[in-house]
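Enquirer: Before I ask anything, let me first share the structure, which is written out below as structure tokens.
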Number of protein chains: 2
Amino acid sequence: MDTLSLGTLGQHLQALRLERGWSLSQLAAAAGIAKSNLSRLEQGNGNPTLDTIWRLAVQLGVPFGTLVAPISVPLGEHGVEVRLIDQGKESPQVDAYWMRCAPHTLRHAEPHTPGARESLTLISGRLEAGPEDDLHELRPGDSLTFAADRPHRYRTDNAWATLLLTIVYTHEGDAP
Amino acid sequence: MDTLSLGTLGQHLQALRLERGWSLSQLAAAAGIAKSNLSRLEQGNGNPTLDTIWRLAVQLGVPFGTLVAPISVPLGEHGVEVRLIDQGKESPQVDAYWMRCAPHTLRHAEPHTPGARESLTLISGRLEAGPEDDLHELRPGDSLTFAADRPHRYRTDNAWATLLLTIVYTHEGDAP
DNA sequence: TCGAAGTGTTCCTTTTAACGAACGTTCTAT
DNA sequence: ATAGAACGTTCGTTAAAAGGAACACTTCGA
């Protein structure tokens, strides 16, 4: 199970601060927290409050999870990490995912509901994806749309792959 | 400036717990925290520790930022909220954003670097978007790709719009 | 009908994160 | 050289988060 790495936060915090050329005192003052507090956090000790993390994230201009999440570690089960970004509640329903595959990963996906279509956009790396009988090689920036009501797969070679994935659940009776 | 909405965390926490059909006592026990603690958090009071948030996020199986980020609240300046999802570091560079526009919003976007292309996928709502002289009406599930090195715009009528947005910075000298 | 086991809440206590002042350094300018 | 101002650290105090027990309540089975 994942455990909280106290040191990670400190490293990220300091790295982000130095990237911006700020001193510890400056950042603490701007965020409205005591510099003793920030000092302790950067050293990897301590267990900051949500309020403290929030203030720091706002000042550093990072989306919050960035401060804590170990960037380089794949959290997924079998070399694949999937994160739900958003989920439409209208018709047709649209699910948006962020996905990351480790090198030499082969992921089979079961058919979705009839009429469902899937779109991929590769952000970085290389990826081979599509229906079993119609695979395509993607490079960063490339997009691919295919019918997702058939078995399909995602495969990486010797590189990581990061991509956006949207599934549109077009119902059978929908107007064209 | 963004301020910490204490109530938001509580709502999300409770919503996620109920989605899974768990009781407050169960979740608290599984996460290894006192149920009095969890109870207070769900009520919107309190300022949890990173350790506490972490344990809850792991148990609920959500990527951490989900607990805190206000889903339904437009934090953006002028009715537009934009969130960076990911940023490729290879060539061509790819930026992925999640974006949400309030009703009756008109957003002009300046031209990006030459050769840049932008792709939209509407998750929910209605949106009119594209280059100034070639606007398109999008419905959920629709996608649109256009050259982003010209002025373009996004406009909503009387509905919200949630979408994915990717910008591909294809350099001039890139191979086809 | 009456426990027994669950729910979520409200206290009080203990622990500890955040604060603020003092500290030793380093660097600059007078 | 030397006073000044910055840096990041360490320390004792204070505010508050987390823990734990009791609480009133509902649900279920004997």
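Simple scheme: letters A, B, ... for chains in structure tokens order, numbers from 1 for residues in each chain, numbers from 1 for ligands in the order shown.
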Each residue of chain D with at least one atom at most 9 Å from chain A should appear once, together with its nearest atom pair and the corresponding distance in Å (one decimal); atoms considered: only C-alpha atoms (C1' of nucleotides); ordering: chain, then increasing residue number; output as JSON lines.

Expert:
{"residue": "D:DC7", "atom": "C1'", "partner": "A:Ser23", "partner_atom": "CA", "distance": 7.8}
{"residue": "D:DG8", "atom": "C1'", "partner": "A:Ser39", "partner_atom": "CA", "distance": 7.4}
{"residue": "D:DT9", "atom": "C1'", "partner": "A:Ser39", "partner_atom": "CA", "distance": 7.8}
{"residue": "D:DT10", "atom": "C1'", "partner": "A:Ser36", "partner_atom": "CA", "distance": 8.8}
{"residue": "D:DA17", "atom": "C1'", "partner": "A:Thr49", "partner_atom": "CA", "distance": 8.7}

Enquirer: Just the residues within 10 Å of DA16 of chain D, please, counting only C-alpha atoms (C1' of nucleotides), with nothing from its chain fewer than 5 positions along; format it as a list in words.

Expert: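 Here the answer would be Gly46 and Asn47 of chain B; DT16, DA17 and DA18 of chain C.
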
Enquirer: For the residues in the current selection, export C-alpha atoms (C1' of nucleotides) as a short mmCIF file (atom, residue, chain, number, x, y, z; two decimals), in the first residue's frame.

Expert:
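Just written: selection_0.cif:
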data_model
loop_
_atom_site.label_atom_id
_atom_site.label_comp_id
_atom_site.auth_asym_id
_atom_site.auth_seq_id
_atom_site.Cartn_x
_atom_site.Cartn_y
_atom_site.Cartn_z
CA GLY B 46 -11.52 21.35 10.49
CA ASN B 47 -8.32 21.61 8.64
"C1'" DT C 16 1.40 18.24 17.60
"C1'" DA C 17 1.41 21.71 13.86
"C1'" DA C 18 1.91 26.61 13.48
#

Enquirer: Would you please give, as a short mmCIF file (atom, residue, chain, number, x, y, z; two decimals) with C-alpha atoms, in the first residue's frame, all residues of segment 5-116 of chain B that DSSP assigns to alpha helix (DSSP H) based on the backbone?

Expert:
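The resulting file, states.cif, is reproduced below:
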data_model
loop_
_atom_site.label_atom_id
_atom_site.label_comp_id
_atom_site.auth_asym_id
_atom_site.auth_seq_id
_atom_site.Cartn_x
_atom_site.Cartn_y
_atom_site.Cartn_z
CA LEU B 6 -13.51 23.98 3.89
CA GLY B 7 -16.98 22.84 3.01
CA THR B 8 -15.99 21.49 -0.36
CA LEU B 9 -13.72 18.85 1.09
CA GLY B 10 -16.46 17.64 3.38
CA GLN B 11 -18.97 17.34 0.55
CA HIS B 12 -16.57 15.43 -1.64
CA LEU B 13 -15.55 13.19 1.19
CA GLN B 14 -19.10 12.26 2.01
CA ALA B 15 -20.12 11.89 -1.63
CA LEU B 16 -17.26 9.54 -2.38
CA ARG B 17 -17.93 7.52 0.74
CA LEU B 18 -21.63 7.13 -0.03
CA GLU B 19 -20.90 6.21 -3.65
CA LEU B 24 -18.46 6.71 8.27
CA SER B 25 -17.25 4.25 10.89
CA GLN B 26 -16.07 1.80 8.26
CA LEU B 27 -14.09 4.36 6.32
CA ALA B 28 -12.53 5.81 9.44
CA ALA B 29 -11.46 2.37 10.62
CA ALA B 30 -10.12 1.37 7.22
CA ALA B 31 -8.16 4.58 6.93
CA LYS B 35 -14.26 8.54 13.36
CA SER B 36 -14.72 11.74 15.31
CA ASN B 37 -12.08 13.17 13.04
CA LEU B 38 -13.83 12.05 9.88
CA SER B 39 -17.18 13.21 11.17
CA ARG B 40 -15.86 16.70 11.77
CA LEU B 41 -14.26 16.81 8.33
CA GLU B 42 -17.44 15.80 6.53
CA LEU B 50 -1.72 15.79 5.04
CA ASP B 51 -1.49 12.40 6.69
CA THR B 52 -5.24 12.32 7.24
CA ILE B 53 -6.08 13.42 3.69
CA TRP B 54 -3.62 10.90 2.33
CA ARG B 55 -5.10 7.99 4.24
CA LEU B 56 -8.60 8.90 3.10
CA ALA B 57 -7.56 9.36 -0.51
CA VAL B 58 -5.87 5.96 -0.56
CA GLN B 59 -8.90 4.22 0.89
CA LEU B 60 -11.28 5.97 -1.47
CA GLY B 65 -6.36 16.34 -5.58
CA THR B 66 -9.87 15.10 -6.26
CA LEU B 67 -10.74 15.42 -2.61
CA VAL B 68 -9.88 19.06 -2.48
#

Enquirer: Pick out the residues sitting within 12 Å of DC12 of chain C, and hand them over as a list in words; count only C-alpha atoms (C1' of nucleotides), and ignore anything fewer than 5 positions along from it in its own chain.

Expert: DG19, DG20, DA21 and DA22 of chain D

Enquirer: Of the candidates B:Ile123, B:Ala102, B:Ala159, B:Val82, which shows the shortest atom-to-atom distance to chain A, using only C-alpha atoms?

Expert: B:Ile123

Enquirer: Please check the contacts: residues of chain A at most 8 Å away from chain B, using only C-alpha atoms, listed as a PyMOL selection string.

Expert: chain A and resi 2+4+47-51+54+58+63-65+83+85-96+98+123-125+140-141+164+168

Enquirer: What's around DT28 of chain C at 12 Å? Count only C-alpha atoms (C1' of nucleotides), leave out sequence neighbours fewer than 3 positions away in its own chain, and write the answer as a PyMOL selection string.

Expert: chain D and resi 2-6

Enquirer: Taking the backbone alone, and naming residues the way the document does, which bits of segment 28-164 of chain B are strand (DSSP E or B) by DSSP, as a count of residues only?

Expert: 53

Enquirer: May I ask which of the residues C:DT10, C:DT30, C:DT25, C:DT15 is the closest one to chain B, counting only C-alpha atoms (C1' of nucleotides)?

Expert: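 The closest residue to chain B is C:DT10.
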
Enquirer: To one decimal place, how far is atom CA of Pro111 of chain A from atom CA of Gly61 of chain B in Å?

Expert: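 Separating atom CA of Pro111 of chain A from atom CA of Gly61 of chain B is a distance of 24.0 Å.
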
Enquirer: Measuring between only C-alpha atoms (C1' of nucleotides), which one of C:DC19, C:DT13, C:DG6, C:DA29 shows the shortest distance to chain B?

Expert: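 Counting only C-alpha atoms (C1' of nucleotides), the residue closest to chain B is C:DG6.
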
Enquirer: Quick one: residues within 12 Å of DG3 of chain C, only C-alpha atoms (C1' of nucleotides), excluding same-chain residues fewer than 2 positions away - as a JSON list (two decimals) with N, CA, C and O atoms (P, O5', C5', C4', C3', O3' and C1' of nucleotides), in the first residue's frame?

Expert:
[["chain", "number", "residue", "atom", "x", "y", "z"],
["C", 1, "DT", "P", -43.50, -4.77, 23.90],
["C", 1, "DT", "O5'", -42.90, -6.25, 24.07],
["C", 1, "DT", "C5'", -42.86, -6.82, 25.37],
["C", 1, "DT", "C4'", -41.41, -7.10, 25.73],
["C", 1, "DT", "C3'", -40.58, -5.86, 25.99],
["C", 1, "DT", "O3'", -39.57, -6.22, 26.92],
["C", 1, "DT", "C1'", -39.68, -6.96, 24.15],
["C", 5, "DA", "P", -23.02, -7.81, 20.24],
["C", 5, "DA", "O5'", -23.07, -6.96, 18.88],
["C", 5, "DA", "C5'", -23.81, -7.45, 17.76],
["C", 5, "DA", "C4'", -24.02, -6.32, 16.77],
["C", 5, "DA", "C3'", -22.78, -5.46, 16.56],
["C", 5, "DA", "O3'", -22.55, -5.24, 15.17],
["C", 5, "DA", "C1'", -24.64, -4.12, 17.06],
["D", 28, "DC", "P", -32.81, -3.27, 9.02],
["D", 28, "DC", "O5'", -32.44, -4.62, 9.76],
["D", 28, "DC", "C5'", -31.07, -4.88, 10.13],
["D", 28, "DC", "C4'", -31.06, -5.87, 11.28],
["D", 28, "DC", "C3'", -32.03, -7.06, 11.12],
["D", 28, "DC", "O3'", -31.30, -8.26, 11.02],
["D", 28, "DC", "C1'", -32.08, -6.16, 13.32],
["D", 29, "DG", "P", -32.08, -9.61, 10.56],
["D", 29, "DG", "O5'", -31.95, -10.52, 11.88],
["D", 29, "DG", "C5'", -30.69, -10.62, 12.53],
["D", 29, "DG", "C4'", -30.89, -11.12, 13.95],
["D", 29, "DG", "C3'", -31.74, -12.40, 14.07],
["D", 29, "DG", "O3'", -31.16, -13.26, 15.01],
["D", 29, "DG", "C1'", -32.69, -10.69, 15.37],
["D", 30, "DA", "P", -31.64, -14.77, 15.07],
["D", 30, "DA", "O5'", -31.91, -14.97, 16.63],
["D", 30, "DA", "C5'", -30.91, -14.58, 17.57],
["D", 30, "DA", "C4'", -31.56, -14.38, 18.94],
["D", 30, "DA", "C3'", -32.39, -15.56, 19.43],
["D", 30, "DA", "O3'", -32.17, -15.75, 20.81],
["D", 30, "DA", "C1'", -33.75, -13.64, 19.35]]

Enquirer: With distances taken over only C-alpha atoms, which residue among B:Leu144, B:Met99, B:Ile33, B:Pro151 lies nearest Glu128 of chain B?

Expert: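 Going through B:Leu144, B:Met99, B:Ile33, B:Pro151 one by one, the smallest distance to Glu128 of chain B is for B:Leu144.
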
Enquirer: Determine, using only C-alpha atoms (C1' of nucleotides), which residues of chain C have any atom at most 8 Å from an atom of chain B, and tabulate each with its shortest atom pair and distance in Å to one decimal place, rows ordered by chain and then rising number, as JSON lines.

Expert:
{"residue": "C:DT7", "atom": "C1'", "partner": "B:Ser23", "partner_atom": "CA", "distance": 7.8}
{"residue": "C:DG8", "atom": "C1'", "partner": "B:Ser39", "partner_atom": "CA", "distance": 7.4}
{"residue": "C:DT9", "atom": "C1'", "partner": "B:Ser39", "partner_atom": "CA", "distance": 7.8}

Enquirer: One decimal, in Å: what's the spacing between atom CA of Asn45 of chain A and atom C1' of DA15 of chain D?

Expert: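 That distance, rounded to one decimal, is 19.7 Å.
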